[in-house]
Every structure is written in structure tokens, then in C-alpha cells.
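Engineer: entry.cif is the file, holding mmCIF, C-alpha atoms:
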data_structure
#
loop_
_atom_site.group_PDB
_atom_site.id
_atom_site.type_symbol
_atom_site.label_atom_id
_atom_site.label_comp_id
_atom_site.auth_asym_id
_atom_site.auth_seq_id
_atom_site.Cartn_x
_atom_site.Cartn_y
_atom_site.Cartn_z
ATOM 1 C CA MET A 5 0.000 0.000 0.000
ATOM 2 C CA THR A 6 1.410 3.346 -1.076
ATOM 3 C CA PHE A 7 0.691 6.794 0.431
ATOM 4 C CA ARG A 8 -1.382 7.648 -2.663
ATOM 5 C CA LYS A 9 -3.599 4.611 -2.065
ATOM 6 C CA TYR A 10 -4.170 5.583 1.578
ATOM 7 C CA LEU A 11 -5.073 9.071 0.351
ATOM 8 C CA VAL A 12 -7.668 7.590 -2.017
ATOM 9 C CA LEU A 13 -9.160 5.533 0.871
ATOM 10 C CA ALA A 14 -9.284 8.687 3.059
ATOM 11 C CA GLY A 15 -11.092 10.450 0.180
ATOM 12 C CA VAL A 16 -13.715 7.663 0.164
ATOM 13 C CA ALA A 17 -14.499 8.324 3.862
ATOM 14 C CA VAL A 18 -14.344 12.149 3.930
ATOM 15 C CA PHE A 19 -16.261 12.816 0.696
ATOM 16 C CA ALA A 20 -18.975 10.317 1.690
ATOM 17 C CA VAL A 21 -19.547 12.010 5.052
ATOM 18 C CA THR A 22 -19.597 15.536 3.583
ATOM 19 C CA GLY A 23 -21.952 14.495 0.771
ATOM 20 C CA ASP A 24 -24.324 12.560 3.056
ATOM 21 C CA SER A 25 -24.462 15.425 5.569
ATOM 22 C CA LEU A 26 -25.229 18.062 2.921
ATOM 23 C CA VAL A 27 -27.936 15.873 1.359
ATOM 24 C CA SER A 28 -29.395 15.178 4.807
ATOM 25 C CA ARG A 29 -29.467 18.899 5.683
ATOM 26 C CA GLY A 30 -31.173 19.641 2.359
ATOM 27 C CA MET A 31 -33.759 16.883 2.871
ATOM 28 C CA LYS A 32 -34.574 18.164 6.362
ATOM 29 C CA GLN A 33 -35.470 21.544 4.799
ATOM 30 C CA VAL A 34 -37.647 19.807 2.211
ATOM 31 C CA GLY A 35 -39.473 17.743 4.850
ATOM 32 C CA GLY A 36 -41.302 14.429 4.365
ATOM 33 C CA ILE A 37 -42.002 13.472 0.748
ATOM 34 C CA SER A 38 -45.282 11.713 -0.002
ATOM 35 C CA LEU A 39 -45.294 8.587 -2.171
ATOM 36 C CA HIS A 40 -48.113 10.271 -4.151
ATOM 37 C CA HIS A 41 -45.743 13.063 -5.297
ATOM 38 C CA LEU A 42 -42.831 11.064 -6.730
ATOM 39 C CA SER A 43 -41.724 13.931 -9.004
ATOM 40 C CA ASP A 44 -40.678 15.893 -5.880
ATOM 41 C CA ILE A 45 -37.882 13.383 -5.180
ATOM 42 C CA ILE A 46 -36.357 14.105 -8.620
ATOM 43 C CA LEU A 47 -36.698 17.891 -8.332
ATOM 44 C CA VAL A 48 -34.982 18.077 -4.911
ATOM 45 C CA VAL A 49 -31.560 17.372 -6.481
ATOM 46 C CA PHE A 50 -31.684 20.901 -7.978
ATOM 47 C CA ARG A 51 -31.706 22.531 -4.513
ATOM 48 C CA PRO A 52 -28.239 24.135 -3.881
ATOM 49 C CA GLU A 53 -27.407 22.212 -0.702
ATOM 50 C CA ILE A 54 -28.447 18.857 -2.170
ATOM 51 C CA ALA A 55 -26.674 19.622 -5.484
ATOM 52 C CA LEU A 56 -23.429 20.373 -3.552
ATOM 53 C CA GLY A 57 -23.928 17.151 -1.598
ATOM 54 C CA VAL A 58 -24.307 15.271 -4.869
ATOM 55 C CA LEU A 59 -20.996 16.814 -6.097
ATOM 56 C CA PHE A 60 -19.217 15.524 -2.966
ATOM 57 C CA LEU A 61 -20.843 12.120 -3.472
ATOM 58 C CA LEU A 62 -19.476 12.122 -7.044
ATOM 59 C CA ALA A 63 -15.970 12.789 -5.654
ATOM 60 C CA PHE A 64 -16.546 9.906 -3.216
ATOM 61 C CA PHE A 65 -17.586 7.734 -6.156
ATOM 62 C CA ALA A 66 -14.420 8.543 -8.141
ATOM 63 C CA CYS A 67 -12.214 7.596 -5.150
ATOM 64 C CA TYR A 68 -14.317 4.477 -4.540
ATOM 65 C CA MET A 69 -13.937 3.323 -8.153
ATOM 66 C CA ALA A 70 -10.164 3.942 -8.073
ATOM 67 C CA ALA A 71 -9.862 1.927 -4.838
ATOM 68 C CA LEU A 72 -11.930 -0.958 -6.248
ATOM 69 C CA SER A 73 -9.549 -1.201 -9.198
ATOM 70 C CA TRP A 74 -6.685 -2.329 -6.908
ATOM 71 C CA ALA A 75 -8.358 -3.763 -3.776
ATOM 72 C CA ASP A 76 -11.101 -6.214 -2.720
ATOM 73 C CA LEU A 77 -14.619 -4.936 -2.118
ATOM 74 C CA THR A 78 -14.426 -6.394 1.422
ATOM 75 C CA TYR A 79 -11.227 -4.373 1.979
ATOM 76 C CA VAL A 80 -12.418 -1.054 0.559
ATOM 77 C CA LEU A 81 -15.736 -1.034 2.462
ATOM 78 C CA PRO A 82 -14.128 -0.929 5.954
ATOM 79 C CA THR A 83 -12.738 2.506 5.138
ATOM 80 C CA THR A 84 -16.314 3.698 5.653
ATOM 81 C CA SER A 85 -15.893 2.921 9.371
ATOM 82 C CA VAL A 86 -14.169 6.292 9.693
ATOM 83 C CA SER A 87 -17.303 7.734 8.063
ATOM 84 C CA PHE A 88 -19.493 6.324 10.872
ATOM 85 C CA ILE A 89 -17.493 8.214 13.475
ATOM 86 C CA LEU A 90 -17.376 11.421 11.405
ATOM 87 C CA LEU A 91 -21.069 11.134 10.481
ATOM 88 C CA THR A 92 -22.156 10.739 14.105
ATOM 89 C CA LEU A 93 -20.044 13.761 15.089
ATOM 90 C CA VAL A 94 -21.588 15.799 12.261
ATOM 91 C CA ALA A 95 -25.124 14.613 13.167
ATOM 92 C CA ARG A 96 -24.596 15.569 16.813
ATOM 93 C CA PHE A 97 -22.682 18.859 16.519
ATOM 94 C CA VAL A 98 -23.652 20.281 13.088
ATOM 95 C CA LEU A 99 -27.174 18.930 12.471
ATOM 96 C CA HIS A 100 -27.956 19.008 16.244
ATOM 97 C CA GLU A 101 -29.610 15.590 16.123
ATOM 98 C CA ASN A 102 -30.092 13.589 19.301
ATOM 99 C CA VAL A 103 -27.517 10.740 19.311
ATOM 100 C CA SER A 104 -28.167 8.310 22.185
ATOM 101 C CA LEU A 105 -25.553 6.335 24.129
ATOM 102 C CA ALA A 106 -26.702 3.106 22.439
ATOM 103 C CA ARG A 107 -26.067 4.628 19.013
ATOM 104 C CA TRP A 108 -22.591 5.793 20.083
ATOM 105 C CA LEU A 109 -21.907 2.225 21.279
ATOM 106 C CA GLY A 110 -23.220 0.883 17.966
ATOM 107 C CA VAL A 111 -20.899 3.164 16.037
ATOM 108 C CA LEU A 112 -17.984 2.005 18.230
ATOM 109 C CA MET A 113 -18.760 -1.708 17.616
ATOM 110 C CA ILE A 114 -19.043 -1.141 13.870
ATOM 111 C CA SER A 115 -15.690 0.634 13.875
ATOM 112 C CA ILE A 116 -14.022 -2.201 15.858
ATOM 113 C CA GLY A 117 -15.555 -4.776 13.504
ATOM 114 C CA VAL A 118 -14.348 -3.153 10.351
ATOM 115 C CA GLY A 119 -10.963 -2.569 11.982
ATOM 116 C CA PHE A 120 -10.410 -6.354 11.915
ATOM 117 C CA VAL A 121 -10.645 -6.446 8.139
ATOM 118 C CA THR A 122 -7.911 -3.929 7.486
ATOM 119 C CA GLN A 123 -5.359 -6.261 9.109
ATOM 120 C CA GLY A 124 -5.593 -8.707 6.176
ATOM 121 C CA PRO A 125 -4.315 -8.418 2.602
ATOM 122 C CA ALA A 126 -5.973 -5.870 0.311
ATOM 123 C CA LEU A 127 -6.494 -8.129 -2.699
ATOM 124 C CA THR A 128 -7.447 -11.804 -3.153
ATOM 125 C CA PRO A 129 -5.283 -13.415 -5.858
ATOM 126 C CA GLN A 130 -7.663 -14.523 -8.635
ATOM 127 C CA PRO A 131 -7.317 -18.109 -10.007
ATOM 128 C CA ARG A 132 -6.567 -16.829 -13.499
ATOM 129 C CA ARG A 133 -3.885 -14.505 -12.120
ATOM 130 C CA ARG A 134 -2.418 -17.330 -10.019
ATOM 131 C CA GLU A 135 -2.367 -19.592 -13.077
ATOM 132 C CA SER A 136 -0.488 -17.027 -15.120
ATOM 133 C CA HIS A 137 2.039 -16.559 -12.289
ATOM 134 C CA GLU A 138 2.525 -20.345 -12.127
ATOM 135 C CA ARG A 139 2.980 -20.475 -15.882
ATOM 136 C CA LEU A 140 5.589 -17.737 -15.730
ATOM 137 C CA ALA A 141 7.374 -19.495 -12.867
ATOM 138 C CA ALA A 142 7.491 -22.801 -14.783
ATOM 139 C CA PRO A 143 10.448 -23.641 -17.045
ATOM 140 C CA VAL A 144 10.216 -22.367 -20.633
ATOM 141 C CA SER A 145 9.827 -25.897 -22.038
ATOM 142 C CA ALA A 146 6.818 -26.498 -19.765
ATOM 143 C CA ARG A 147 5.289 -23.176 -20.852
ATOM 144 C CA MET A 148 5.521 -24.168 -24.502
ATOM 145 C CA GLU A 149 3.562 -27.377 -23.956
ATOM 146 C CA PRO A 150 -0.117 -27.184 -25.043
ATOM 147 C CA MET B 222 -45.809 4.226 10.285
ATOM 148 C CA LYS B 223 -42.835 6.507 9.520
ATOM 149 C CA HIS B 224 -40.575 3.922 11.222
ATOM 150 C CA LEU B 225 -41.884 1.198 8.906
ATOM 151 C CA TYR B 226 -41.267 3.428 5.869
ATOM 152 C CA ALA B 227 -37.740 4.246 7.084
ATOM 153 C CA TRP B 228 -36.800 0.557 7.560
ATOM 154 C CA GLY B 229 -38.390 -0.276 4.201
ATOM 155 C CA ALA B 230 -36.132 2.341 2.616
ATOM 156 C CA VAL B 231 -33.118 0.868 4.505
ATOM 157 C CA ALA B 232 -33.933 -2.635 3.135
ATOM 158 C CA CYS B 233 -34.182 -1.216 -0.393
ATOM 159 C CA ILE B 234 -30.847 0.632 0.002
ATOM 160 C CA VAL B 235 -29.129 -2.567 1.279
ATOM 161 C CA LEU B 236 -30.346 -4.772 -1.591
ATOM 162 C CA THR B 237 -29.664 -2.340 -4.410
ATOM 163 C CA SER B 238 -26.326 -1.049 -3.110
ATOM 164 C CA THR B 239 -25.051 -4.620 -2.550
ATOM 165 C CA ALA B 240 -25.922 -5.451 -6.157
ATOM 166 C CA GLY B 241 -24.313 -2.168 -7.239
ATOM 167 C CA ASP B 242 -21.134 -2.729 -5.211
ATOM 168 C CA VAL B 243 -20.641 -6.250 -6.581
ATOM 169 C CA LEU B 244 -21.226 -5.120 -10.178
ATOM 170 C CA LEU B 245 -18.931 -2.083 -9.837
ATOM 171 C CA SER B 246 -16.204 -4.116 -8.152
ATOM 172 C CA ARG B 247 -16.344 -6.688 -10.960
ATOM 173 C CA ALA B 248 -16.232 -3.896 -13.547
ATOM 174 C CA MET B 249 -13.192 -2.202 -11.959
ATOM 175 C CA LYS B 250 -11.305 -5.512 -11.670
ATOM 176 C CA GLN B 251 -11.937 -6.029 -15.402
ATOM 177 C CA VAL B 252 -10.668 -2.495 -16.145
ATOM 178 C CA GLY B 253 -7.521 -2.841 -13.985
ATOM 179 C CA ASP B 254 -5.546 -0.386 -11.784
ATOM 180 C CA VAL B 255 -6.783 3.015 -12.999
ATOM 181 C CA ALA B 256 -3.678 4.940 -11.865
ATOM 182 C CA GLU B 257 -1.392 2.656 -13.852
ATOM 183 C CA LEU B 258 -3.727 2.720 -16.875
ATOM 184 C CA ARG B 259 -3.894 6.533 -16.779
ATOM 185 C CA ARG B 260 -0.090 6.753 -16.694
ATOM 186 C CA ARG B 261 0.197 4.404 -19.673
ATOM 187 C CA SER B 262 -2.739 5.461 -21.884
ATOM 188 C CA GLY B 263 -4.227 8.712 -20.532
ATOM 189 C CA LEU B 264 -7.403 9.671 -18.672
ATOM 190 C CA ALA B 265 -9.688 9.562 -21.740
ATOM 191 C CA HIS B 266 -8.730 5.936 -22.389
ATOM 192 C CA VAL B 267 -9.453 4.991 -18.750
ATOM 193 C CA LEU B 268 -12.835 6.780 -18.774
ATOM 194 C CA GLY B 269 -13.790 5.138 -22.081
ATOM 195 C CA ARG B 270 -12.861 1.714 -20.773
ATOM 196 C CA VAL B 271 -14.835 2.194 -17.547
ATOM 197 C CA LEU B 272 -17.942 3.700 -19.201
ATOM 198 C CA ARG B 273 -18.112 0.977 -21.874
ATOM 199 C CA ASN B 274 -18.119 -1.821 -19.281
ATOM 200 C CA PRO B 275 -21.662 -3.361 -19.031
ATOM 201 C CA ASN B 276 -21.167 -4.274 -15.347
ATOM 202 C CA PHE B 277 -20.363 -0.615 -14.634
ATOM 203 C CA VAL B 278 -23.576 0.583 -16.328
ATOM 204 C CA LEU B 279 -25.712 -1.958 -14.416
ATOM 205 C CA GLY B 280 -23.882 -1.079 -11.181
ATOM 206 C CA ILE B 281 -24.644 2.624 -11.666
ATOM 207 C CA LEU B 282 -28.317 1.812 -12.260
ATOM 208 C CA ALA B 283 -28.463 -0.167 -8.993
ATOM 209 C CA MET B 284 -26.642 2.653 -7.151
ATOM 210 C CA ALA B 285 -29.079 5.254 -8.525
ATOM 211 C CA ILE B 286 -32.007 3.249 -7.091
ATOM 212 C CA ALA B 287 -30.100 3.013 -3.782
ATOM 213 C CA PHE B 288 -29.521 6.804 -3.806
ATOM 214 C CA TYR B 289 -33.202 7.642 -4.294
ATOM 215 C CA SER B 290 -34.157 5.110 -1.605
ATOM 216 C CA MET B 291 -31.703 6.968 0.651
ATOM 217 C CA LEU B 292 -33.409 10.312 -0.129
ATOM 218 C CA PHE B 293 -36.778 8.812 0.848
ATOM 219 C CA GLY B 294 -35.242 7.320 4.000
ATOM 220 C CA LEU B 295 -33.663 10.645 5.005
ATOM 221 C CA SER B 296 -36.982 12.456 4.622
ATOM 222 C CA TRP B 297 -38.565 10.000 7.102
ATOM 223 C CA ALA B 298 -35.779 9.434 9.690
ATOM 224 C CA ASP B 299 -32.547 10.874 11.178
ATOM 225 C CA VAL B 300 -29.298 10.686 9.197
ATOM 226 C CA SER B 301 -27.557 9.043 12.187
ATOM 227 C CA LEU B 302 -29.984 6.111 11.883
ATOM 228 C CA VAL B 303 -30.545 5.704 8.115
ATOM 229 C CA ILE B 304 -26.951 6.047 6.869
ATOM 230 C CA PRO B 305 -25.124 3.884 9.473
ATOM 231 C CA ALA B 306 -27.881 1.219 9.472
ATOM 232 C CA ALA B 307 -28.017 0.941 5.675
ATOM 233 C CA THR B 308 -24.255 1.159 5.151
ATOM 234 C CA SER B 309 -23.300 -1.337 7.854
ATOM 235 C CA LEU B 310 -25.975 -3.862 6.834
ATOM 236 C CA THR B 311 -24.675 -3.448 3.286
ATOM 237 C CA PHE B 312 -21.224 -4.282 4.650
ATOM 238 C CA VAL B 313 -22.510 -7.668 5.924
ATOM 239 C CA THR B 314 -24.432 -8.519 2.748
ATOM 240 C CA ASN B 315 -21.438 -7.387 0.687
ATOM 241 C CA ALA B 316 -19.136 -9.807 2.547
ATOM 242 C CA ALA B 317 -21.444 -12.701 1.586
ATOM 243 C CA ALA B 318 -21.957 -11.425 -1.968
ATOM 244 C CA ALA B 319 -18.210 -10.829 -2.462
ATOM 245 C CA LYS B 320 -17.492 -14.431 -1.410
ATOM 246 C CA ILE B 321 -20.243 -15.909 -3.623
ATOM 247 C CA PHE B 322 -20.072 -13.728 -6.727
ATOM 248 C CA LEU B 323 -16.546 -12.247 -6.712
ATOM 249 C CA HIS B 324 -14.801 -15.266 -5.077
ATOM 250 C CA GLU B 325 -12.955 -13.003 -2.626
ATOM 251 C CA HIS B 326 -11.123 -14.657 0.263
ATOM 252 C CA VAL B 327 -13.461 -13.766 3.157
ATOM 253 C CA ASP B 328 -11.561 -15.242 6.142
ATOM 254 C CA HIS B 329 -12.563 -15.511 9.847
ATOM 255 C CA ARG B 330 -11.394 -11.938 10.471
ATOM 256 C CA ARG B 331 -13.756 -10.600 7.836
ATOM 257 C CA TRP B 332 -16.690 -12.712 9.139
ATOM 258 C CA LEU B 333 -15.952 -11.605 12.712
ATOM 259 C CA ALA B 334 -16.026 -8.051 11.449
ATOM 260 C CA ALA B 335 -19.446 -8.741 9.890
ATOM 261 C CA LEU B 336 -20.718 -9.995 13.298
ATOM 262 C CA PHE B 337 -19.455 -6.854 15.066
ATOM 263 C CA VAL B 338 -21.066 -4.685 12.415
ATOM 264 C CA ALA B 339 -24.393 -6.543 12.730
ATOM 265 C CA CYS B 340 -24.338 -6.035 16.552
ATOM 266 C CA GLY B 341 -23.550 -2.381 15.973
ATOM 267 C CA VAL B 342 -26.570 -2.067 13.693
ATOM 268 C CA ILE B 343 -28.855 -3.581 16.366
ATOM 269 C CA LEU B 344 -27.537 -0.986 18.846
ATOM 270 C CA LEU B 345 -28.151 1.795 16.306
ATOM 271 C CA ALA B 346 -31.767 0.684 15.940
ATOM 272 C CA LEU B 347 -32.458 0.723 19.734
#
In C-alpha cells, what does this structure look like?

Structural biologist:
Amino acid sequence: MTFRKYLVLAGVAVFAVTGDSLVSRGMKQVGGISLHHLSDIILVVFRPEIALGVLFLLAFFACYMAALSWADLTYVLPTTSVSFILLTLVARFVLHENVSLARWLGVLMISIGVGFVTQGPALTPQPRRRESHERLAAPVSARMEP
Amino acid sequence: MKHLYAWGAVACIVLTSTAGDVLLSRAMKQVGDVAELRRRSGLAHVLGRVLRNPNFVLGILAMAIAFYSMLFGLSWADVSLVIPAATSLTFVTNAAAAKIFLHEHVDHRRWLAALFVACGVILLAL
């Protein structure tokens, strides 16, 4: 893992939190949307706060795609554990939502759980890749056999 | 009733984002390391390769459904409930889906992590 790759993983967490928080703030201003007015859910993305949130979510998506190109899905996802902590802090101190002790404990358990995953390797060697490595490791005469 | 709607939205987010994650992960593995590709062939080549991948297109479609489910969920419940609950449940379903569909090596550490995450979700819902 290089510094650049860690930076990409940090981008996944930070952009996701910022985007989610902006979208949440925008949706709170909109209020509850009725299932009978489905067009409202499409029009809300043009509100400035939600549009900015969507931009941050696009940045998150770019980092997420880059990370998935060199690491397992079950390795990349744990990076969102940092998001849980950041998101709860934002919900409590910026959005002034009521975050109970049980929810704080839940966030802590989720963070511990995902912390386990990051101790393992980032990428599972695929059978096809392993085969090609074995073929390259074999003597030239063996490689030429059909 | 709002609680039922919120959890319905969470279930919809979990299903569609798991499908999206698996499809996008498969697409990006087929494309290869984007940083290395960009260095070799340029950004336009990388973008073209990603956007032409059918798994990527299907993944985006699934993610779009997940996003709109999230908007519904956020209009009915707090962000500190909807986002952590949906994302962490997605983490568990993704571990299973990654093992089944992507053949990733999901070892005891990763399963243990899934258990911790599931417990965390129960606490979030209290």
C-alpha cells in the first residue's frame, strides 16, 4: 500500500460524510415526501445544498472506483468505518440531532468490527492470475507445452 | 408508520447497493488499476474503458435506485440512523456477496467483522 492509495481511501471516507451530511441537511429543509408526489424526489436534487452534496458524493464515487480497481470490495468497504465516526459527530454537533448512548456504542462496535478487516491483505489473488504466475514461474519448455 | 417506511427504505438501500457494489467491483477488476492505466494510456482511455463496461452501467443503475431510496429514507428518519444502518448492513451482505459472486477470500477476520457490524446495527436501531 502506497501513500497515494491511503489518500484515495481517506477520500472515500471524507467525501462520503460531507456528501451525506449536505444531502441530509437539504432533505430536512424539504421535509417528508409523499409517495403520491414522486416527481418531488427528482426535483430536490436541484436545490443548492443537495446539489453540492451530490458533487461531494461524485468525488466519493471517483475515489471508490479507483480503490476498487486495486483492492477487494471487502477491503475497501471498511474505510467507511471512519465515516461512521465522522457522520455521528456531524449529526450531533452540526445537524444538532439527538444521538443516544446506544447509538454511540453501535458506532464504536461497527468501527471495531471493520478494523479487523484492514489487518488482512488488500487483494485476493484470482485463479486466473495465479495460473499465469505459475505459468511464468514454470520452465520455458513447460510453458511451450499445449 | 414513519418507522416502517424508514426501515423499508433501509432494506431497499441494502439490496440495491449490494448489487451495485458487486457489479462495480467486478467492472473495476476487469478495467484494472486506474492509476497505472492513466499513466500508460491517458485519462480519456481509462474513462472510455470504464464507461463501456456493461457491469459498470448496471452497477450505476443499482446505485441510482439506492440513492433515491436513501433520499426517501432521510426524509422519514434521522441521518444518524438511516446512513449507518443501511451502510453497515450493506457491509454484511457485501461480505457474503463478495465471497459468492466475486470469489474473494473472506476469512474468519472478515466474518468476525461482519458480526461486530451486525451487533452495531442492532444498537443503532435501539

Engineer: Could you list, as a PDB file with C-alpha atoms, in the frame of the given file, every residue of chain A that has an atom within 7 Å of an atom of chain B, counting all atoms listed in the file?

Structural biologist:
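Okay, part32.pdb is ready:
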ATOM      1  CA  SER A  28     -29.395  15.178   4.807  1.00  0.00           C
ATOM      2  CA  MET A  31     -33.759  16.883   2.871  1.00  0.00           C
ATOM      3  CA  LYS A  32     -34.574  18.164   6.362  1.00  0.00           C
ATOM      4  CA  GLY A  35     -39.473  17.743   4.850  1.00  0.00           C
ATOM      5  CA  GLY A  36     -41.302  14.429   4.365  1.00  0.00           C
ATOM      6  CA  ILE A  37     -42.002  13.472   0.748  1.00  0.00           C
ATOM      7  CA  MET A  69     -13.937   3.323  -8.153  1.00  0.00           C
ATOM      8  CA  ALA A  70     -10.164   3.942  -8.073  1.00  0.00           C
ATOM      9  CA  LEU A  72     -11.930  -0.958  -6.248  1.00  0.00           C
ATOM     10  CA  SER A  73      -9.549  -1.201  -9.198  1.00  0.00           C
ATOM     11  CA  TRP A  74      -6.685  -2.329  -6.908  1.00  0.00           C
ATOM     12  CA  LEU A  77     -14.619  -4.936  -2.118  1.00  0.00           C
ATOM     13  CA  THR A  78     -14.426  -6.394   1.422  1.00  0.00           C
ATOM     14  CA  LEU A  81     -15.736  -1.034   2.462  1.00  0.00           C
ATOM     15  CA  PHE A  88     -19.493   6.324  10.872  1.00  0.00           C
ATOM     16  CA  THR A  92     -22.156  10.739  14.105  1.00  0.00           C
ATOM     17  CA  ALA A  95     -25.124  14.613  13.167  1.00  0.00           C
ATOM     18  CA  ALA A 106     -26.702   3.106  22.439  1.00  0.00           C
ATOM     19  CA  ARG A 107     -26.067   4.628  19.013  1.00  0.00           C
ATOM     20  CA  LEU A 109     -21.907   2.225  21.279  1.00  0.00           C
ATOM     21  CA  GLY A 110     -23.220   0.883  17.966  1.00  0.00           C
ATOM     22  CA  VAL A 111     -20.899   3.164  16.037  1.00  0.00           C
ATOM     23  CA  MET A 113     -18.760  -1.708  17.616  1.00  0.00           C
ATOM     24  CA  ILE A 114     -19.043  -1.141  13.870  1.00  0.00           C
ATOM     25  CA  GLY A 117     -15.555  -4.776  13.504  1.00  0.00           C
ATOM     26  CA  VAL A 118     -14.348  -3.153  10.351  1.00  0.00           C
ATOM     27  CA  PHE A 120     -10.410  -6.354  11.915  1.00  0.00           C
ATOM     28  CA  VAL A 121     -10.645  -6.446   8.139  1.00  0.00           C
ATOM     29  CA  THR A 128      -7.447 -11.804  -3.153  1.00  0.00           C
TER      30      THR A 128
END

Engineer: Name the residues that the PyMOL selection byres ((chain A and resi 14) around 12) pulls out of this structure, and write them as a compact mmCIF listing (two decimals) with C-alpha atoms, in the frame of the given file.

Structural biologist:
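Resulting contents of out_6.txt:
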# COMPACT_ATOMS: atom_id res chain seq x y z
CA PHE A 7 0.69 6.79 0.43
CA ARG A 8 -1.38 7.65 -2.66
CA LYS A 9 -3.60 4.61 -2.06
CA TYR A 10 -4.17 5.58 1.58
CA LEU A 11 -5.07 9.07 0.35
CA VAL A 12 -7.67 7.59 -2.02
CA LEU A 13 -9.16 5.53 0.87
CA GLY A 15 -11.09 10.45 0.18
CA VAL A 16 -13.72 7.66 0.16
CA ALA A 17 -14.50 8.32 3.86
CA VAL A 18 -14.34 12.15 3.93
CA PHE A 19 -16.26 12.82 0.70
CA ALA A 20 -18.98 10.32 1.69
CA VAL A 21 -19.55 12.01 5.05
CA ALA A 63 -15.97 12.79 -5.65
CA PHE A 64 -16.55 9.91 -3.22
CA CYS A 67 -12.21 7.60 -5.15
CA TYR A 68 -14.32 4.48 -4.54
CA ALA A 71 -9.86 1.93 -4.84
CA VAL A 80 -12.42 -1.05 0.56
CA LEU A 81 -15.74 -1.03 2.46
CA PRO A 82 -14.13 -0.93 5.95
CA THR A 83 -12.74 2.51 5.14
CA THR A 84 -16.31 3.70 5.65
CA SER A 85 -15.89 2.92 9.37
CA VAL A 86 -14.17 6.29 9.69
CA SER A 87 -17.30 7.73 8.06
CA LEU A 90 -17.38 11.42 11.40

Engineer: In Å to one decimal, how far is atom CA of A:Ser25 from atom CA of A:Val94?

Structural biologist: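 Answer for the atom CA of A:Val94 to atom CA of A:Ser25 separation: 7.3 Å.
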
Engineer: Go ahead and compute the interatomic distance for atom CA of A:Gln123 and atom CA of A:Tyr79, in Å to one decimal.

Structural biologist: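 If I compute the distance from atom CA of A:Gln123 to atom CA of A:Tyr79, I get 9.4 Å.
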
Engineer: Given the PyMOL selection byres ((chain A and resi 51-56) around 12) and the file above, list the residues it selects as a PyMOL selection string.

Structural biologist: (chain A and resi 19+22-34+44-50+57-63) or (chain B and resi 292)

Engineer: Can you sort out the box for stretch 54-68 of chain A, edges along x, y and z, all listed atoms in, 5 Å on every side, with centre and edge lengths in Å to one decimal, as JSON?

Structural biologist:
{"center_x": -20.3, "center_y": 12.4, "center_z": -4.9, "size_x": 26.2, "size_y": 25.9, "size_z": 16.5}

Engineer: What gap, in Å, lies between atom CA of B:Gly229 and atom CA of B:Gly241?

Structural biologist: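 Those two atoms sit 18.2 Å apart.
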
Engineer: Identify, on the basis of all atoms listed in the file, every residue whose closest approach to B:Leu244 does not exceed 9 Å; exclude the query and any residue fewer than 6 positions from it along the same chain; express the result as a tab-separated table (two decimals) with C-alpha atoms, in the frame of the given file.

Structural biologist:
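Produced file around.tsv, reproduced below:
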chain	number	residue	atom	x	y	z
B	276	ASN	CA	-21.17	-4.27	-15.35
B	277	PHE	CA	-20.36	-0.62	-14.63
B	278	VAL	CA	-23.58	0.58	-16.33
B	279	LEU	CA	-25.71	-1.96	-14.42
B	280	GLY	CA	-23.88	-1.08	-11.18
B	281	ILE	CA	-24.64	2.62	-11.67
B	283	ALA	CA	-28.46	-0.17	-8.99

Engineer: Would you kindly translate the PyMOL selection byres ((chain B and resi 232) around 10) into the concrete residues it picks from this file, as a ChimeraX atom specification?

Structural biologist: /B:226-231,233-238,287,290,306-307,310-311

Engineer: Using C-alpha atoms, can you export the residues from the last selection as a PDB file, in the coordinates of the input?

Structural biologist:
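Output saved as out-v1.pdb:
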ATOM      1  CA  TYR B 226     -41.267   3.428   5.869  1.00  0.00           C
ATOM      2  CA  ALA B 227     -37.740   4.246   7.084  1.00  0.00           C
ATOM      3  CA  TRP B 228     -36.800   0.557   7.560  1.00  0.00           C
ATOM      4  CA  GLY B 229     -38.390  -0.276   4.201  1.00  0.00           C
ATOM      5  CA  ALA B 230     -36.132   2.341   2.616  1.00  0.00           C
ATOM      6  CA  VAL B 231     -33.118   0.868   4.505  1.00  0.00           C
ATOM      7  CA  CYS B 233     -34.182  -1.216  -0.393  1.00  0.00           C
ATOM      8  CA  ILE B 234     -30.847   0.632   0.002  1.00  0.00           C
ATOM      9  CA  VAL B 235     -29.129  -2.567   1.279  1.00  0.00           C
ATOM     10  CA  LEU B 236     -30.346  -4.772  -1.591  1.00  0.00           C
ATOM     11  CA  THR B 237     -29.664  -2.340  -4.410  1.00  0.00           C
ATOM     12  CA  SER B 238     -26.326  -1.049  -3.110  1.00  0.00           C
ATOM     13  CA  ALA B 287     -30.100   3.013  -3.782  1.00  0.00           C
ATOM     14  CA  SER B 290     -34.157   5.110  -1.605  1.00  0.00           C
ATOM     15  CA  ALA B 306     -27.881   1.219   9.472  1.00  0.00           C
ATOM     16  CA  ALA B 307     -28.017   0.941   5.675  1.00  0.00           C
ATOM     17  CA  LEU B 310     -25.975  -3.862   6.834  1.00  0.00           C
ATOM     18  CA  THR B 311     -24.675  -3.448   3.286  1.00  0.00           C
TER      19      THR B 311
END

Engineer: My structure is short of atoms at stretch 252-261 of chain B; please model N, CA and C atoms there, returning them as a JSON list (two decimals), in the coordinates of the input.

Structural biologist:
[["chain", "number", "residue", "atom", "x", "y", "z"],
["B", 252, "VAL", "N", -11.37, -3.67, -15.58],
["B", 252, "VAL", "CA", -10.67, -2.50, -16.14],
["B", 252, "VAL", "C", -9.19, -2.52, -15.75],
["B", 253, "GLY", "N", -8.91, -2.83, -14.48],
["B", 253, "GLY", "CA", -7.52, -2.84, -13.98],
["B", 253, "GLY", "C", -7.20, -1.58, -13.19],
["B", 254, "ASP", "N", -5.98, -1.53, -12.62],
["B", 254, "ASP", "CA", -5.55, -0.39, -11.78],
["B", 254, "ASP", "C", -5.63, 0.91, -12.60],
["B", 255, "VAL", "N", -6.54, 1.80, -12.20],
["B", 255, "VAL", "CA", -6.78, 3.02, -13.00],
["B", 255, "VAL", "C", -5.59, 3.98, -13.02],
["B", 256, "ALA", "N", -4.84, 4.04, -11.91],
["B", 256, "ALA", "CA", -3.68, 4.94, -11.86],
["B", 256, "ALA", "C", -2.62, 4.50, -12.87],
["B", 257, "GLU", "N", -2.39, 3.20, -12.93],
["B", 257, "GLU", "CA", -1.39, 2.66, -13.85],
["B", 257, "GLU", "C", -1.86, 2.82, -15.30],
["B", 258, "LEU", "N", -3.15, 2.57, -15.53],
["B", 258, "LEU", "CA", -3.73, 2.72, -16.88],
["B", 258, "LEU", "C", -3.65, 4.16, -17.36],
["B", 259, "ARG", "N", -3.92, 5.10, -16.43],
["B", 259, "ARG", "CA", -3.89, 6.53, -16.78],
["B", 259, "ARG", "C", -2.48, 6.96, -17.16],
["B", 260, "ARG", "N", -1.49, 6.43, -16.42],
["B", 260, "ARG", "CA", -0.09, 6.75, -16.69],
["B", 260, "ARG", "C", 0.31, 6.25, -18.08],
["B", 261, "ARG", "N", -0.19, 5.04, -18.40],
["B", 261, "ARG", "CA", 0.20, 4.40, -19.67],
["B", 261, "ARG", "C", -0.56, 4.98, -20.86]]
